[in-house]
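Dropping protein14.txt in here (compact mmCIF, C-alpha atoms):
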# COMPACT_ATOMS: atom_id res chain seq x y z
CA MET M 1166 -31.40 13.55 27.31
CA ARG M 1167 -34.99 14.20 26.39
CA LYS M 1168 -36.81 11.07 25.33
CA SER M 1169 -39.91 12.87 24.23
CA TRP M 1170 -40.34 14.81 21.02
CA GLN M 1171 -40.40 18.56 21.28
CA ALA M 1172 -41.02 21.22 18.69
CA ALA M 1173 -38.07 23.40 17.72
CA GLU M 1174 -38.14 26.40 15.42
CA VAL M 1175 -35.68 26.92 12.60
CA SER M 1176 -34.05 30.17 13.68
CA ALA M 1177 -31.46 30.43 10.91
CA VAL M 1178 -30.06 28.55 7.93
CA ARG M 1179 -26.78 29.09 6.10
CA PRO M 1180 -25.16 27.24 3.24
CA GLU M 1181 -21.95 25.29 3.87
CA THR M 1182 -21.46 24.01 0.31
CA ALA M 1183 -23.58 23.79 -2.84
CA ARG M 1184 -25.26 20.65 -1.47
CA SER M 1185 -25.25 21.19 2.27
CA ARG M 1186 -26.41 23.67 4.83
CA THR M 1187 -26.34 24.33 8.54
CA ILE M 1188 -29.70 24.61 10.29
CA ARG M 1189 -30.00 26.36 13.63
CA LEU M 1190 -32.85 25.16 15.84
CA ARG M 1191 -34.31 27.09 18.75
CA PHE M 1192 -36.00 25.24 21.62
CA PRO M 1193 -38.63 26.49 24.04
CA ASP M 1194 -36.25 25.76 26.96
CA ALA M 1195 -32.54 25.55 27.56
CA VAL M 1196 -30.80 22.72 25.69
CA THR M 1197 -27.42 21.17 26.45
CA GLY M 1198 -25.50 18.17 25.24
CA ILE M 1199 -22.08 16.63 24.80
CA ALA M 1200 -19.95 17.14 21.71
CA GLY M 1201 -20.36 14.16 19.38
CA GLN M 1202 -24.00 13.42 20.20
CA HIS M 1203 -26.79 13.37 17.66
CA VAL M 1204 -30.44 14.39 17.56
CA ASP M 1205 -33.40 12.74 15.86
CA LEU M 1206 -35.44 15.01 13.60
CA ARG M 1207 -39.05 14.08 12.79
CA LEU M 1208 -40.98 15.43 9.81
CA THR M 1209 -44.71 14.98 9.33
CA ALA M 1210 -46.47 15.07 5.95
CA GLY M 1211 -50.00 16.38 5.49
CA ASP M 1212 -51.48 12.87 5.63
CA GLY M 1213 -49.78 12.06 8.92
CA TYR M 1214 -46.88 10.11 7.41
CA GLN M 1215 -43.71 10.67 9.42
CA ALA M 1216 -40.02 10.30 8.62
CA VAL M 1217 -37.26 10.39 11.20
CA ARG M 1218 -33.53 10.79 10.65
CA SER M 1219 -30.58 11.14 13.01
CA TYR M 1220 -28.07 13.97 12.54
CA SER M 1221 -24.93 14.83 14.46
CA VAL M 1222 -25.02 18.08 16.37
CA ALA M 1223 -22.41 20.52 15.01
CA GLY M 1224 -22.56 22.86 17.97
CA TRP M 1225 -24.58 24.36 20.79
CA ILE M 1226 -25.47 28.02 21.11
CA PRO M 1227 -26.45 28.57 24.73
CA PRO M 1228 -28.91 28.72 26.18
CA ASP M 1229 -31.56 27.36 23.83
CA GLU M 1230 -30.16 26.62 20.36
CA LEU M 1231 -28.18 23.97 18.55
CA GLU M 1232 -27.02 23.48 14.98
CA VAL M 1233 -26.95 20.51 12.65
CA THR M 1234 -25.28 20.38 9.24
CA ILE M 1235 -26.98 18.32 6.60
CA GLU M 1236 -25.67 17.15 3.25
CA GLU M 1237 -28.15 16.40 0.49
CA LEU M 1238 -28.08 12.72 -0.40
CA LYS M 1239 -28.91 11.78 -3.95
CA ASP M 1240 -32.36 10.16 -3.95
CA GLY M 1241 -32.72 10.99 -0.26
CA GLU M 1242 -36.22 11.34 1.14
CA VAL M 1243 -35.45 13.81 3.92
CA SER M 1244 -32.10 15.50 3.27
CA PRO M 1245 -33.11 17.28 0.01
CA PHE M 1246 -36.09 18.81 1.84
CA LEU M 1247 -33.93 19.94 4.77
CA VAL M 1248 -31.22 21.38 2.49
CA ASN M 1249 -33.45 23.04 -0.12
CA ASP M 1250 -36.93 23.69 1.25
CA LEU M 1251 -36.85 24.21 5.01
CA ALA M 1252 -36.88 27.90 5.92
CA PRO M 1253 -36.48 30.04 9.04
CA GLY M 1254 -39.69 30.06 11.03
CA ASP M 1255 -40.55 26.46 10.15
CA GLU M 1256 -40.93 23.92 12.93
CA LEU M 1257 -39.40 20.47 13.28
CA GLU M 1258 -39.81 17.91 16.01
CA VAL M 1259 -36.58 17.01 17.77
CA ARG M 1260 -35.58 14.27 20.21
CA GLY M 1261 -32.28 14.04 22.05
CA PRO M 1262 -29.41 14.76 22.10
CA VAL M 1263 -28.50 11.07 22.22
CA GLY M 1264 -25.31 9.05 22.44
CA GLY M 1265 -22.73 8.29 25.08
CA TRP M 1266 -19.77 6.77 23.25
CA PHE M 1267 -18.65 8.94 20.33
CA THR M 1268 -18.40 11.96 22.61
CA TRP M 1269 -15.71 14.25 23.99
CA THR M 1270 -15.74 16.54 27.01
CA PRO M 1271 -13.05 19.13 27.86
CA ASP M 1272 -12.14 17.31 31.08
CA GLN M 1273 -11.01 14.25 29.13
CA GLU M 1274 -7.25 13.62 29.50
CA GLY M 1275 -4.72 13.45 26.72
CA PRO M 1276 -4.46 15.10 23.31
CA LEU M 1277 -7.53 15.18 21.09
CA GLN M 1278 -7.08 13.73 17.61
CA LEU M 1279 -9.91 14.23 15.14
CA ILE M 1280 -9.95 12.64 11.68
CA ALA M 1281 -12.82 13.51 9.36
CA GLY M 1282 -13.80 12.21 5.95
CA GLY M 1283 -16.23 14.53 4.11
CA SER M 1284 -19.40 15.30 6.05
CA GLY M 1285 -18.01 13.16 8.89
CA VAL M 1286 -16.52 16.44 10.09
CA VAL M 1287 -19.81 17.47 11.73
CA PRO M 1288 -19.54 15.74 15.14
CA LEU M 1289 -15.80 16.47 15.17
CA MET M 1290 -16.55 20.17 14.65
CA ALA M 1291 -18.75 19.99 17.74
CA MET M 1292 -15.72 18.65 19.65
CA LEU M 1293 -13.42 21.35 18.30
CA ARG M 1294 -15.99 24.01 19.22
CA ALA M 1295 -16.32 22.49 22.72
CA HIS M 1296 -12.52 22.57 23.00
CA SER M 1297 -12.31 26.22 21.97
CA GLY M 1298 -15.39 27.19 23.94
CA ALA M 1299 -13.91 25.77 27.15
CA GLY M 1300 -10.59 27.53 26.53
CA SER M 1301 -8.97 24.11 26.72
CA ALA M 1302 -5.16 23.92 26.62
CA VAL M 1303 -5.30 20.24 25.62
CA PRO M 1304 -3.48 19.89 22.28
CA ALA M 1305 -5.96 19.15 19.50
CA ARG M 1306 -5.51 18.23 15.85
CA LEU M 1307 -8.05 17.89 13.08
CA LEU M 1308 -7.24 16.10 9.86
CA TYR M 1309 -10.04 16.83 7.41
CA SER M 1310 -10.08 14.75 4.23
CA VAL M 1311 -12.31 16.29 1.60
CA ARG M 1312 -12.75 16.09 -2.18
CA GLY M 1313 -11.88 19.73 -2.79
CA PRO M 1314 -11.98 23.23 -1.31
CA GLU M 1315 -15.57 23.70 -2.53
CA GLN M 1316 -16.70 20.79 -0.35
CA VAL M 1317 -15.25 22.09 2.93
CA PHE M 1318 -17.72 22.69 5.77
CA TYR M 1319 -17.00 25.49 8.29
CA GLY M 1320 -14.08 26.71 6.15
CA SER M 1321 -13.66 30.23 7.53
CA GLU M 1322 -14.20 29.14 11.14
CA LEU M 1323 -11.62 26.35 10.79
CA ALA M 1324 -9.16 28.82 9.28
CA VAL M 1325 -9.61 31.16 12.26
CA ILE M 1326 -9.31 28.37 14.83
CA GLY M 1327 -6.23 26.95 13.09
CA GLN M 1328 -4.51 30.33 13.00
CA GLU M 1329 -5.53 31.85 16.30
CA ASN M 1330 -5.78 28.95 18.74
CA PRO M 1331 -2.22 27.88 19.66
CA HIS M 1332 -3.53 24.54 20.95
CA VAL M 1333 -5.24 23.52 17.71
CA THR M 1334 -3.77 22.37 14.40
CA VAL M 1335 -6.01 21.92 11.35
CA ASP M 1336 -4.77 19.95 8.33
CA PHE M 1337 -6.62 19.34 5.09
CA ALA M 1338 -6.14 16.41 2.72
CA TYR M 1339 -7.68 16.98 -0.72
CA SER M 1340 -8.62 13.89 -2.71
CA ARG M 1341 -9.81 15.33 -6.07
CA GLU M 1342 -8.98 19.00 -6.28
CA ALA M 1343 -6.68 21.16 -4.16
CA PRO M 1344 -5.87 24.85 -3.76
CA ASP M 1345 -2.75 25.93 -5.67
CA GLY M 1346 0.46 24.44 -4.38
CA GLN M 1347 -1.18 21.77 -2.23
CA PRO M 1348 -1.00 18.06 -2.91
CA VAL M 1349 -4.02 16.23 -4.25
CA GLY M 1350 -4.80 12.53 -4.20
CA ARG M 1351 -6.13 9.62 -2.25
CA LEU M 1352 -5.49 9.85 1.48
CA THR M 1353 -2.43 7.79 2.40
CA ARG M 1354 -1.23 6.11 5.55
CA GLU M 1355 1.79 8.45 5.59
CA ALA M 1356 -0.38 11.58 5.35
CA VAL M 1357 -2.50 10.37 8.26
CA MET M 1358 0.56 9.64 10.39
CA ARG M 1359 2.05 13.08 9.62
CA ALA M 1360 -1.13 14.80 10.77
CA CYS M 1361 -1.64 12.74 13.93
CA PHE M 1362 -0.27 12.70 17.44
CA PRO M 1363 2.02 9.68 17.83
CA PRO M 1364 0.76 6.67 19.81
CA GLU M 1365 3.10 7.45 22.75
CA ASP M 1366 1.19 10.72 23.37
CA LEU M 1367 -1.87 8.54 24.13
CA PRO M 1368 -4.34 10.70 22.20
CA SER M 1369 -8.08 10.12 22.24
CA VAL M 1370 -8.81 9.50 18.57
CA TYR M 1371 -12.15 10.11 16.86
CA VAL M 1372 -12.64 9.01 13.25
CA CYS M 1373 -15.82 9.82 11.35
CA GLY M 1374 -16.59 9.37 7.67
CA SER M 1375 -17.76 6.77 5.19
CA THR M 1376 -17.26 3.11 6.04
CA GLY M 1377 -14.31 2.74 3.64
CA PHE M 1378 -12.65 5.83 5.09
CA VAL M 1379 -13.13 4.74 8.68
CA GLU M 1380 -12.00 1.16 8.01
CA ALA M 1381 -8.80 2.33 6.29
CA VAL M 1382 -7.85 5.06 8.76
CA ALA M 1383 -8.64 3.02 11.88
CA SER M 1384 -6.60 0.05 10.68
CA TRP M 1385 -3.61 2.31 9.84
CA LEU M 1386 -3.77 3.78 13.32
CA VAL M 1387 -3.85 0.33 14.94
CA ASP M 1388 -0.92 -0.79 12.74
CA ALA M 1389 1.02 2.31 13.84
CA GLY M 1390 0.63 1.32 17.48
CA HIS M 1391 -2.44 3.27 18.58
CA GLU M 1392 -4.38 1.26 21.15
CA ALA M 1393 -7.67 0.10 19.61
CA GLY M 1394 -9.50 1.08 22.79
CA ARG M 1395 -8.50 4.74 22.29
CA ILE M 1396 -9.95 4.93 18.79
CA ARG M 1397 -13.64 5.76 18.54
CA THR M 1398 -15.35 5.52 15.20
CA GLU M 1399 -18.59 6.67 13.66
CA ARG M 1400 -19.74 6.16 10.09
CA TYR M 1401 -22.35 8.17 8.31
CA GLY M 1402 -25.06 6.17 6.65
CA GLY M 1403 -24.64 3.67 9.47
CA MET V 1243 -50.63 13.65 15.91
CA ALA V 1244 -47.91 16.20 15.29
CA ALA V 1245 -48.67 19.21 13.11
CA PRO V 1246 -47.45 18.76 9.53
CA THR V 1247 -44.00 20.06 8.65
CA ARG V 1248 -44.56 22.87 6.13
CA GLY V 1249 -43.80 21.65 2.63
CA PHE V 1250 -42.81 18.09 3.53
CA THR V 1251 -44.52 15.34 1.54
CA GLY V 1252 -42.07 12.44 1.85
CA ARG V 1253 -41.70 9.64 -0.61
CA PRO V 1254 -44.66 7.76 -2.12
CA ARG V 1255 -45.79 5.29 0.56
CA ASN V 1256 -45.11 1.63 0.12
CA PRO V 1257 -47.75 -0.11 2.21
CA ASP V 1258 -46.33 -3.53 1.31
CA ALA V 1259 -43.03 -2.96 3.05
CA ASN V 1260 -43.15 -4.66 6.41
CA LEU V 1261 -41.08 -2.21 8.41
CA PRO V 1262 -41.02 -1.49 12.13
CA PRO V 1263 -42.01 2.07 13.12
CA GLY V 1264 -39.49 4.77 12.24
CA GLN V 1265 -37.44 2.55 9.91
CA TYR V 1266 -36.72 2.95 6.20
CA ALA V 1267 -35.60 0.24 3.80
CA THR V 1268 -32.14 0.46 2.23
CA ASP V 1269 -30.45 -1.64 -0.43
CA GLY V 1270 -27.03 -0.84 1.00
CA PHE V 1271 -25.50 -2.45 4.04
CA PRO V 1272 -24.25 0.36 6.26
CA VAL V 1273 -21.77 -0.41 9.02
CA LEU V 1274 -22.08 0.68 12.63
CA SER V 1275 -19.29 -0.02 15.07
CA ALA V 1276 -17.59 1.73 17.93
CA GLY V 1277 -13.93 1.31 17.05
CA PRO V 1278 -11.40 -0.28 14.73
CA THR V 1279 -12.34 -3.57 13.10
CA PRO V 1280 -10.56 -6.50 14.79
CA HIS V 1281 -9.05 -9.04 12.43
CA VAL V 1282 -9.23 -12.56 13.87
CA PRO V 1283 -7.29 -15.30 12.02
CA LEU V 1284 -9.37 -18.46 11.71
CA PRO V 1285 -6.81 -20.73 13.45
CA ASP V 1286 -7.03 -18.45 16.50
CA TRP V 1287 -10.80 -18.14 16.49
CA THR V 1288 -12.77 -19.81 19.27
CA PHE V 1289 -16.26 -19.41 20.65
CA GLU V 1290 -16.93 -20.07 24.30
CA ILE V 1291 -20.04 -20.40 26.44
CA ASP V 1292 -19.25 -19.85 30.09
CA THR V 1293 -21.97 -20.80 32.59
CA GLY V 1294 -19.94 -19.86 35.63
CA SER V 1295 -19.49 -23.51 36.56
CA ALA V 1296 -18.44 -24.90 33.17
CA THR V 1297 -16.94 -23.67 29.92
CA HIS V 1298 -17.81 -25.02 26.48
CA GLN V 1299 -15.53 -24.11 23.62
CA TRP V 1300 -15.65 -24.52 19.83
CA THR V 1301 -12.91 -23.92 17.28
CA TRP V 1302 -13.59 -22.79 13.70
CA GLU V 1303 -13.39 -26.42 12.49
CA GLN V 1304 -15.74 -27.61 15.21
CA LEU V 1305 -18.23 -24.89 14.34
CA GLN V 1306 -18.09 -25.90 10.67
CA ALA V 1307 -18.72 -29.55 11.63
CA LEU V 1308 -22.04 -28.67 13.31
CA PRO V 1309 -25.34 -28.67 11.34
CA GLN V 1310 -25.46 -25.52 9.18
CA GLU V 1311 -28.63 -23.57 8.47
CA ASN V 1312 -29.54 -21.01 5.82
CA ILE V 1313 -31.36 -18.03 7.31
CA THR V 1314 -33.27 -15.31 5.48
CA ALA V 1315 -34.22 -12.40 7.69
CA ASP V 1316 -35.05 -8.70 7.77
CA ILE V 1317 -32.57 -6.72 9.83
CA HIS V 1318 -33.28 -3.42 11.57
CA CYS V 1319 -30.58 -1.00 12.72
CA VAL V 1320 -31.32 1.46 15.52
CA THR V 1321 -29.95 4.21 13.24
CA ARG V 1322 -33.18 3.64 11.25
CA TRP V 1323 -32.19 1.65 8.21
CA SER V 1324 -33.69 -1.77 7.60
CA LYS V 1325 -32.49 -4.30 5.08
CA LEU V 1326 -35.09 -6.80 3.96
CA GLY V 1327 -34.52 -10.41 3.01
CA THR V 1328 -30.85 -10.74 3.93
CA ALA V 1329 -29.36 -14.24 3.51
CA TRP V 1330 -27.00 -15.80 6.02
CA ARG V 1331 -25.51 -19.20 6.80
CA GLY V 1332 -24.46 -20.48 10.16
CA VAL V 1333 -25.23 -22.54 13.25
CA SER V 1334 -28.31 -22.17 15.43
CA LEU V 1335 -27.58 -21.27 19.04
CA ASP V 1336 -29.98 -24.10 19.92
CA THR V 1337 -27.33 -26.48 18.58
CA LEU V 1338 -24.60 -24.91 20.71
CA PHE V 1339 -26.74 -24.82 23.84
CA GLU V 1340 -27.72 -28.51 23.52
CA GLU V 1341 -24.78 -29.50 25.68
CA VAL V 1342 -24.95 -26.51 28.05
CA GLU V 1343 -26.55 -26.83 31.48
CA SER V 1344 -27.40 -23.54 33.17
CA GLU V 1345 -30.15 -22.05 35.29
CA ALA V 1346 -29.13 -18.50 34.36
CA GLU V 1347 -31.71 -16.55 32.38
CA TYR V 1348 -29.53 -13.83 30.85
CA ALA V 1349 -26.53 -13.76 28.55
CA MET V 1350 -23.70 -11.29 27.98
CA VAL V 1351 -22.33 -11.70 24.48
CA HIS V 1352 -18.62 -10.88 24.13
CA SER V 1353 -16.67 -9.95 21.03
CA TYR V 1354 -13.07 -9.73 19.92
CA GLY V 1355 -12.30 -6.07 20.50
CA ASP V 1356 -14.12 -6.06 23.87
CA TYR V 1357 -17.59 -5.17 22.63
CA THR V 1358 -20.43 -6.63 24.69
CA THR V 1359 -24.21 -6.80 24.42
CA ASN V 1360 -26.80 -8.33 26.74
CA LEU V 1361 -29.84 -10.45 25.94
CA PRO V 1362 -32.27 -12.67 27.80
CA LEU V 1363 -31.34 -16.32 27.10
CA GLU V 1364 -34.82 -17.00 25.70
CA ASP V 1365 -34.07 -14.54 22.88
CA LEU V 1366 -31.12 -16.70 21.83
CA LEU V 1367 -33.03 -20.01 21.76
CA ASP V 1368 -35.92 -21.63 19.85
CA GLY V 1369 -34.70 -20.73 16.37
CA LYS V 1370 -34.25 -17.05 17.07
CA ALA V 1371 -30.43 -16.69 16.98
CA TRP V 1372 -27.45 -18.01 15.05
CA LEU V 1373 -23.68 -17.75 14.79
CA VAL V 1374 -23.28 -16.80 11.12
CA HIS V 1375 -20.16 -16.88 8.94
CA GLU V 1376 -21.60 -16.30 5.46
CA PHE V 1377 -23.53 -13.35 4.06
CA GLU V 1378 -25.25 -13.59 0.64
CA GLY V 1379 -23.22 -16.70 -0.19
CA GLU V 1380 -19.80 -15.24 0.62
CA ALA V 1381 -17.55 -15.43 3.66
CA LEU V 1382 -18.63 -12.71 6.09
CA PRO V 1383 -16.31 -9.67 5.63
CA SER V 1384 -14.57 -8.40 8.76
CA ALA V 1385 -16.22 -4.97 8.50
CA HIS V 1386 -19.56 -6.75 8.87
CA GLY V 1387 -18.41 -8.86 11.79
CA GLY V 1388 -16.49 -11.73 10.22
CA PRO V 1389 -15.27 -14.30 10.63
CA VAL V 1390 -18.32 -14.98 12.82
CA ARG V 1391 -21.05 -12.73 14.13
CA LEU V 1392 -24.20 -13.29 16.12
CA LEU V 1393 -27.48 -12.93 14.22
CA VAL V 1394 -30.57 -12.07 16.30
CA PRO V 1395 -32.80 -10.49 13.68
CA HIS V 1396 -35.86 -9.91 15.88
CA LEU V 1397 -33.96 -7.30 17.91
CA TYR V 1398 -32.21 -4.10 16.75
CA PHE V 1399 -29.07 -5.07 14.92
CA TRP V 1400 -26.58 -3.87 17.55
CA LYS V 1401 -27.64 -7.00 19.51
CA SER V 1402 -26.25 -9.09 16.62
CA ALA V 1403 -22.71 -8.68 17.91
CA LYS V 1404 -19.88 -8.66 15.37
CA TRP V 1405 -16.61 -10.61 15.82
CA VAL V 1406 -18.32 -12.71 18.45
CA SER V 1407 -16.06 -14.60 20.86
CA GLY V 1408 -18.36 -15.99 23.51
CA ILE V 1409 -21.33 -15.86 25.85
CA ARG V 1410 -21.23 -15.52 29.60
CA MET V 1411 -24.38 -16.58 31.41
CA MET V 1412 -25.76 -14.15 34.02
CA ASP V 1413 -28.44 -14.39 36.71
CA GLN V 1414 -29.32 -10.71 36.19
CA ASP V 1415 -29.80 -8.64 33.05
CA LEU V 1416 -26.73 -6.37 33.12
CA PRO V 1417 -26.19 -3.80 30.34
CA GLY V 1418 -23.58 -4.29 27.62
CA PHE V 1419 -21.62 -1.69 25.65
CA TRP V 1420 -24.28 0.28 23.75
CA GLU V 1421 -26.75 -0.38 26.56
CA VAL V 1422 -24.62 1.63 29.02
CA ASN V 1423 -24.15 4.28 26.33
CA GLY V 1424 -27.76 5.35 26.02
CA TYR V 1425 -29.40 2.48 24.11
CA HIS V 1426 -32.27 0.31 25.27
CA ILE V 1427 -31.65 -2.71 27.50
CA TYR V 1428 -33.78 -4.99 25.26
CA GLY V 1429 -34.16 -3.31 21.85
CA ASP V 1430 -37.38 -4.57 20.21
CA PRO V 1431 -37.71 -2.70 16.88
CA TRP V 1432 -41.47 -3.31 16.70
CA ARG V 1433 -41.92 -1.49 20.00
CA GLU V 1434 -39.32 1.07 18.95
CA GLU V 1435 -37.12 0.44 22.00
CA ARG V 1436 -34.21 2.55 20.78
CA TYR V 1437 -32.98 4.51 23.75
CA SER V 1438 -32.72 3.84 27.47
Using structure tokens, write down the structure from this file.
Amino acid sequence: MRKSWQAAEVSAVRPETARSRTIRLRFPDAVTGIAGQHVDLRLTAGDGYQAVRSYSVAGWIPPDELEVTIEELKDGEVSPFLVNDLAPGDELEVRGPVGGWFTWTPDQEGPLQLIAGGSGVVPLMAMLRAHSGAGSAVPARLLYSVRGPEQVFYGSELAVIGQENPHVTVDFAYSREAPDGQPVGRLTREAVMRACFPPEDLPSVYVCGSTGFVEAVASWLVDAGHEAGRIRTERYGG
Amino acid sequence: MAAPTRGFTGRPRNPDANLPPGQYATDGFPVLSAGPTPHVPLPDWTFEIDTGSATHQWTWEQLQALPQENITADIHCVTRWSKLGTAWRGVSLDTLFEEVESEAEYAMVHSYGDYTTNLPLEDLLDGKAWLVHEFEGEALPSAHGGPVRLLVPHLYFWKSAKWVSGIRMMDQDLPGFWEVNGYHIYGDPWREERYS
């Protein structure tokens, strides 16, 4: 990883939902990383004041670009600026990518089980993209718990991956509002078990979401017989 | 100094807040952990200090029988949030180490759930570290490391291991879990020692 700060240019932005957007950053040199890692972004105000936040990388676009997806936090200092004001051509300072635990590489053995709550899907999307990008035949499943269809990140890309990649299954669980004919309600233990590889398949499990989401899902998985050491967790806001 | 980011002003500055560089204050208490939360029943809980030549062990009741201290401290997470003035209750590591004889200068802290983190012994002594079991007057919730976690507030908060089970003394400073996964071997927030 790069420990020093380097300037990156915003090369594109696109909305994901009404309150979130994906920002593509272009670096002066080639940039690589491992799916699941994050970068630090540093912003500098006119008086020299600086704010730094960490964001999961959503994907790499070789040779010299990466993307992050940012959701606007109410009363946030940095995220409203990144979601509403930052524009192509602007520069940010970036450090990283960083992180060596909540990561997945295509040479990792066993099925890949991804469980996302809300914007926790971002690092898991990086893993799914790494899986597809490598042409991996490892079976992969994503369970994406989200309030409603309007809050889904990467919707069209997930639809394509789910339909066209025979090794990938994508399931949605809608908590507040669902498309016609689909169930709606709080995520349950049973719904998680239905959308997951069983413990005997020895999947590598990645859970990312709010603390309450991660606590509930991880404890259900352990109760169901998944080895705690195979379950990696990350919580946003943490 | 870096060039300004076009259009970014940030929040009104609060010069009174005593924050390490790159940190922001939060009223919440976010959780950072690597895997599922272990649940340790109190009758099964023990804490052990292993010097290599001797082992010292405490049960939950024995820990409760030791002198208890109230600690108020600012805590700083490497993911950039700080929480000011947090209140804890527990036992100073000085109390536990009173009966421990060891020449070793480093410690590997172990947790239920196999998490580890390394510290120099001097960072655990002289009123700098505690085993805590209460947060803000309540029993410490398991998501925050209960029944008992380490509290070492002068270092980044990943050093304050949750679900703590023991300390193994070491002659050399070997890296623990986050330390082999890209984080700093020591982790002083005031020197911004985030990454290795």
Segment 1201-1217 of chain M environment, 7 Å, only C-alpha atoms, sequence neighbours closer than 2 positions dropped, as a VMD selection string
(chain M and resid 1199 1219 to 1222 1257 to 1264 1267 to 1269 1288 to 1289 1291 to 1292) or (chain V and resid 1244 to 1247 1250 to 1252 1264)
List every residue of chain V that has an atom at most 8 Å from any atom of chain M, giving for each one its closest atom pair and the distance in Å to one decimal, counting all atoms listed in the file, sorted by chain and then by ascending residue number, as JSON lines.
{"residue": "V:Met1243", "atom": "CA", "partner": "M:Gly1213", "partner_atom": "CA", "distance": 7.2}
{"residue": "V:Ala1244", "atom": "CA", "partner": "M:Thr1209", "partner_atom": "CA", "distance": 6.9}
{"residue": "V:Ala1245", "atom": "CA", "partner": "M:Thr1209", "partner_atom": "CA", "distance": 6.9}
{"residue": "V:Pro1246", "atom": "CA", "partner": "M:Thr1209", "partner_atom": "CA", "distance": 4.7}
{"residue": "V:Thr1247", "atom": "CA", "partner": "M:Thr1209", "partner_atom": "CA", "distance": 5.2}
{"residue": "V:Arg1248", "atom": "CA", "partner": "M:Asp1255", "partner_atom": "CA", "distance": 6.7}
{"residue": "V:Gly1249", "atom": "CA", "partner": "M:Asp1250", "partner_atom": "CA", "distance": 7.3}
{"residue": "V:Phe1250", "atom": "CA", "partner": "M:Ala1210", "partner_atom": "CA", "distance": 5.3}
{"residue": "V:Thr1251", "atom": "CA", "partner": "M:Ala1210", "partner_atom": "CA", "distance": 4.8}
{"residue": "V:Gly1252", "atom": "CA", "partner": "M:Glu1242", "partner_atom": "CA", "distance": 6.0}
{"residue": "V:Arg1253", "atom": "CA", "partner": "M:Glu1242", "partner_atom": "CA", "distance": 6.0}
{"residue": "V:Gly1264", "atom": "CA", "partner": "M:Val1217", "partner_atom": "CA", "distance": 6.1}
{"residue": "V:Gln1265", "atom": "CA", "partner": "M:Val1217", "partner_atom": "CA", "distance": 7.9}
{"residue": "V:Pro1272", "atom": "CA", "partner": "M:Gly1403", "partner_atom": "CA", "distance": 4.6}
{"residue": "V:Val1273", "atom": "CA", "partner": "M:Gly1403", "partner_atom": "CA", "distance": 5.0}
{"residue": "V:Leu1274", "atom": "CA", "partner": "M:Gly1403", "partner_atom": "CA", "distance": 5.0}
{"residue": "V:Ser1275", "atom": "CA", "partner": "M:Thr1398", "partner_atom": "CA", "distance": 6.8}
{"residue": "V:Ala1276", "atom": "CA", "partner": "M:Thr1398", "partner_atom": "CA", "distance": 5.2}
{"residue": "V:Gly1277", "atom": "CA", "partner": "M:Arg1397", "partner_atom": "CA", "distance": 4.7}
{"residue": "V:Pro1278", "atom": "CA", "partner": "M:Ala1383", "partner_atom": "CA", "distance": 5.2}
{"residue": "V:Thr1279", "atom": "CA", "partner": "M:Glu1380", "partner_atom": "CA", "distance": 7.0}
{"residue": "V:Thr1321", "atom": "CA", "partner": "M:Gly1403", "partner_atom": "CA", "distance": 6.5}
{"residue": "V:Arg1322", "atom": "CA", "partner": "M:Arg1218", "partner_atom": "CA", "distance": 7.2}
{"residue": "V:Trp1323", "atom": "CA", "partner": "M:Gly1403", "partner_atom": "CA", "distance": 7.9}
{"residue": "V:Gly1355", "atom": "CA", "partner": "M:Ala1393", "partner_atom": "CA", "distance": 7.8}
{"residue": "V:Ala1385", "atom": "CA", "partner": "M:Glu1380", "partner_atom": "CA", "distance": 7.5}
{"residue": "V:Trp1420", "atom": "CA", "partner": "M:Trp1266", "partner_atom": "CA", "distance": 7.9}
{"residue": "V:Val1422", "atom": "CA", "partner": "M:Gly1265", "partner_atom": "CA", "distance": 8.0}
{"residue": "V:Asn1423", "atom": "CA", "partner": "M:Gly1265", "partner_atom": "CA", "distance": 4.4}
{"residue": "V:Gly1424", "atom": "CA", "partner": "M:Gly1264", "partner_atom": "CA", "distance": 5.7}
{"residue": "V:Tyr1425", "atom": "CA", "partner": "M:Gly1264", "partner_atom": "CA", "distance": 7.9}
{"residue": "V:Tyr1437", "atom": "CA", "partner": "M:Lys1168", "partner_atom": "CA", "distance": 7.8}
Counting only C-alpha atoms, what is within 8 Å of Trp1405 of chain V, bar same-chain residues fewer than 4 positions away, as a PDB file with C-alpha atoms, in the frame of the given file?
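File produced: part34.pdb:
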ATOM      1  CA  PRO V1280     -10.560  -6.500  14.790  1.00  0.00           C
ATOM      2  CA  VAL V1282      -9.230 -12.560  13.870  1.00  0.00           C
ATOM      3  CA  SER V1353     -16.670  -9.950  21.030  1.00  0.00           C
ATOM      4  CA  TYR V1354     -13.070  -9.730  19.920  1.00  0.00           C
ATOM      5  CA  GLY V1355     -12.300  -6.070  20.500  1.00  0.00           C
ATOM      6  CA  SER V1384     -14.570  -8.400   8.760  1.00  0.00           C
ATOM      7  CA  GLY V1387     -18.410  -8.860  11.790  1.00  0.00           C
ATOM      8  CA  GLY V1388     -16.490 -11.730  10.220  1.00  0.00           C
ATOM      9  CA  PRO V1389     -15.270 -14.300  10.630  1.00  0.00           C
ATOM     10  CA  VAL V1390     -18.320 -14.980  12.820  1.00  0.00           C
ATOM     11  CA  ARG V1391     -21.050 -12.730  14.130  1.00  0.00           C
TER      12      ARG V1391
END
Contact residues around Phe1377 of chain V with all atoms listed in the file at 9 Å, ignoring same-chain residues under 6 positions, as JSON, numbers by chain:
{"V": [1328, 1329, 1330, 1331, 1383]}
Which of these, M:Ser1176, M:Ser1310, M:Thr1234, M:Ser1244, has the shortest distance to Pro1193 of chain M once you count all atoms listed in the file?
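With all atoms listed in the file as the atom set, the closest residue is M:Ser1176.
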